[in-house]
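Peer 1: What follows is a structure written as C-alpha cells; I'll ask about it next.
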Amino acid sequence: MINEHLTRQTGVPDAFRPHQGVLLECRDFVGQRVREALARSVGELRDELQARRLAAKNAEEAQKLIELLALLHTIGAEIDRTFSTGFEDQFQERAKTSNAASTFYESGSEMGFFPELKLVDETEIDTTIAVKNLATRLERACEAENQDLQTRVAFMLGESDIDGAANPIGPAAICEALKNICWEQDASGGLRATALELLVGRLAGEMSTVYHDVNALLVARRVMPNVRPRARRGKASQRMAARKDVVLPGEPDPSDLVKQIFTAKAAAVEKNDWKQRTGTSDLMQLLNGLQQGQGDLQFGGQSFALPAGVDATGNIISALIEAGLSKQANSIDGIVIDVVATLFDYIFDDSRVPDAMKGLIGRLQIPVLKLAMMDHGFFSNRAHPARRLINSLAQASVTWDGPLTEDSSLYRTAEGAVVRIQNQFAEDASVFASCLQEFENYLTEQERYADERAATLTERLKERERIDLARKVGEDAMAGHLANEELPAVVRDFIRDIWTRVLAHAALESGATNAPPANSERWTSAITASADLVWSVLPKQSMEERQRMVKQLPVILRNLKAGMTTAAIDEVRQKAFFSELVQCHAAALKAPIASAPPPAPPPPPNAPARRAGPLPGLQPIGDDPTPEMLELDLLTRGSWVELRDESGEVRRVRLTWISPARTMYLFANRQGQRALALTRAELTRRFANGEATTADQEPLLDRVVDDVLDELRG
C-alpha cells in the first residue's frame, strides 16, 4: 500500500523506489542545465542566422533563413516550459518501463543483430532514425561520462544494464523531447529538422560537462561511487571502417558478416564447415606454426612471424594485422581476426587486471584466434569453455589479495593451464574445457580452505550477535525511562549501563533476542523493578506516597540487588550505586508537599513493557533505505568486497559468512590467510565513506564482448 501511495504521488512505479529521490534529483538537475543551455543556444543561433541572412547571395536563401529565424524565435519563446514538460514525459515513460538492454546471446534467436520492426508510417520511421542518429551524436560527444551515468541509472532502476534509449535522463530522452517541440511548430518538415539538428549540435558541446556533474552528484549520494572501468573505444570501428574501404564489388558487406558471426544460429553452422572456407586451412597452418614459435611462415605469398620485442601485454594479433594478415584472409576470417584483436586490445586496456595475469592471458592470443575461426560460438555463447577460462583467470587475479607475482600459487596454476593450451591445442577445443575444470577445482579448493579457516570464528560471532541483540532489546525496553529528564543522572546512568545488562541477561536466558520474551518471569521482574526504581526517586509530594515508599523500599532494593547478582554485576559497582541511591531517595522524600493528586502507581508486574522503537534490524516504515543499506542487503556469501585502509591500500576479501540476524559479516581473502569480522554498523560506515566498495564481478570477456558489440552496432 505504501508503494501504491508513492506511485500515485510521483507517477513512477517502485522499480527505482530505493533511489527514487536521487533519480528525481538527477532529472531536475539535467532538465535545468539543458534548459539553460538551450536558452543560450537559441540566442546564439539567431545571431548567427541573422548574420548569414544579411550575407545571403540570393533571395531564396535569405527567405529560408528568415523562416528558420522565425521558427527558432517561436521555439525559444517557450523553450523553458516546453522542454520541462517534454523531458518530464520522456523521463516518466522510460522510468516506468526500465527495460534492460536487449541481448545478442539469446539462443535459438534467428534475429541476431536485427531489431523487431512493426509496420509503421514511413515518415515516422524517418523521424525515428533521425532522432536516433542525433542521440548517437550526443552520446559520442560525452561518451565516457554518459557510460558511467548509464551504469548508475541502471542500478537505480534495478536493472543489470540498460541501453541508451531506456535511460530516462540520457541523450535519447533529450533528443526525443526536442523533436516533439520542433514537430509541434507550424513549419515545413525540412525547417523543423534543421532546427532540431542545430539545437542538438549546440547541446553536443555542453552534455559532457552536464553528465560529469550528474555523476559527481551521484557519487556524493553514494550511488555506485566506483563504476567498472570501460575500455577505450574506437579500435573496433576503425578496423571495420578500414575493411569497408577495401571491399571489392560482389563481396559481402562487412556489417552483414559481423551479424552472421555474432548470431548464435549461424555460429552453430559455421562450427562444422570452417574447413570449407577458402584459404582457412592454410591460415590455420600459419597460426599453428606461430603458436609453436616458428618464424618466416608463408601465407598468401607473404611471410609472417611473431613480432619481436612485443612485451607480455602486447597485442600480437594487431601486429600481424599491421603486417597484412587480415588482408590475405577471406572476408569472414579477416573479420574474426579484426574482432579478436580488438577483444585483446580491450583486455589489455582493463586497469583492474594485474599485468602478470594480462601476460598469461596474452599468451592465449593465437589459440583463441584459432578457436574463434573454427567456432564462432566463442562470440555468442557466454558459457563457452574458452570464454569461461579467460573470465576465471581475470576474476581470480582481480580478487587476489596483494600483488600477484610469479611465485603466487594462483599464477603458477594459471600458467600451467596456459602452457598446456599452447602445447596441445590444434583443432580439439576440449583442452580448454579440461583446463577450465582444473582451474575451477583449484579456485574451489582455495575458497573451501578460506571458508574453513574463517569458520573457526563463527560460533564466537554468533554468541556475540546474540548478546548484542539481547542488549538492544533491553535498551529498547528502557528507552522510555532514559528519556525521562526528571530522573537523577545517576539513575539514568544505572539504567543505561547496568540494568540493560540485567534485561539482556534475562532475554538471553529465555532464548529471545529479537523481541521481549513473552513468558519470562525474570524479564517481567526486571521490568517491574526498573519501574519501581524510577517511581522511588521521583519527588514524593504527598504523605500517602511517602508512607508507601517507606513500606516498599526494602522490596525495591532487594529486587534490584537480585537482578544485578543474577547478571553477574560485581559487588563493588552494586555498593557504589546503592550508596548514591540513598541520596536520591532522601531528596525524593524532602520534596515539598503539593496539593496536586499523586502520580499514577507503577504498572503491575504482568504489564508488558512498552517498546520505544522498532525491532532490532528492522527499518522504520517510511524511512527510505540508504544506498549503503541496499549494498549490504545485496551482499551474499561469495560476494567480493574491496576494503581500503587509511594508507589507501586495497584489500580484496570474500564474504564467507553472514550471521543469522545479518548484524555480523565475516570476510576472508582468497588465500585464506586473513579473516575479518565487521558489524553491520561498521560495514555501513565504510560503504558510506568510500572505505568499502562491492567488487565488480561481471566476467571480463563478457564485458569486453559487449563493449565491442556495442561499438560495432553503433
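Scheme for the C-alpha cells: letters A, B, ... for chains in order shown; per-chain residue numbers from 1; ligand numbers from 1 in order shown.
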With only C-alpha atoms as the counted atoms, please give the residues lying no more than 12 Å from A:Glu88, apart from itself and same-chain residues fewer than 5 positions off, as an NGL selection string.

Peer 2: :A and (10-12 or 24 or 26-28 or 30-32 or 81-83 or 93-95 or 168-169 or 173-174 or 176-178)

Peer 1: Skip A:Pro488 itself and residues of its chain fewer than 5 positions away, then list as a count of residues only all residues within 9 Å of it, counting only C-alpha atoms.

Peer 2: 4

Peer 1: Please determine, counting only C-alpha atoms, which residue among A:Ile556, A:Ile347, A:Ile317, A:Leu360 has the shortest atom-to-atom distance to A:Leu404.

Peer 2: A:Leu360

Peer 1: Among stretch 426-588 of chain A, which ones does DSSP place in alpha helix (DSSP H), written as a PyMOL selection string?

Peer 2: chain A and resi 430-455+458-482+489-494+500-510+521-537+543-566+571-588

Peer 1: Which residues, written as a ChimeraX atom specification, have at least one atom at most 12 Å from stretch 464-476 of chain A, with only C-alpha atoms counted and residues fewer than 3 positions away on the same chain left out?

Peer 2: /A:457-461,479-483,492,495-517,523-524,526-527,530,609-617,658-665,677-680

Peer 1: Can you measure atom CA of A:Leu149 to atom CA of A:Gln395 for me? One decimal in Å is fine.

Peer 2: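 Answer for the atom CA of A:Leu149 to atom CA of A:Gln395 separation: 24.2 Å.
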
Peer 1: Between atom CA of A:Ile335 and atom CA of A:Leu320, measure the distance and give it in Å to one decimal.

Peer 2: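 Distance reported for this atom pair: 13.5 Å.
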
Peer 1: Separation of atom CA of A:Asp706 and atom CA of A:Phe379, in Å?

Peer 2: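 Atom CA of A:Asp706 sits 9.7 Å away from atom CA of A:Phe379.
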
Peer 1: If we count only C-alpha atoms and set the cut-off at 12 Å, which residues sit around A:Leu217, ignoring sequence neighbours fewer than 6 positions away in its own chain? Please answer as number ranges by chain.

Peer 2: A: 22-23, 25-27, 29-30, 149, 152, 210-211, 223-225

Peer 1: Taking only C-alpha atoms into account, which of A:Leu306, A:Ala450, A:Ala193, A:Met207 comes nearest A:Glu36?

Peer 2: A:Met207

Peer 1: So, with only C-alpha atoms as the atoms that count, which of A:Ala55, A:Leu701, A:Ala216, A:Leu343 lies closest to A:Ala386?

Peer 2: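 Using only C-alpha atoms, the shortest distance to A:Ala386 belongs to A:Leu701.
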
Peer 1: Check the smallest atom-to-atom distance from each of A:Ala56, A:Leu589, A:Ala396, A:Met357 to A:Trp640 using only C-alpha atoms, then report the winner.

Peer 2: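 Ranked by minimum distance to A:Trp640, first place goes to A:Ala396.
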
Peer 1: So, counting only C-alpha atoms, which residue among A:Arg686, A:Arg277, A:Arg382, A:Lys370 is closest to A:Ile332?

Peer 2: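 That would be A:Arg277, the residue with the smallest distance to A:Ile332.
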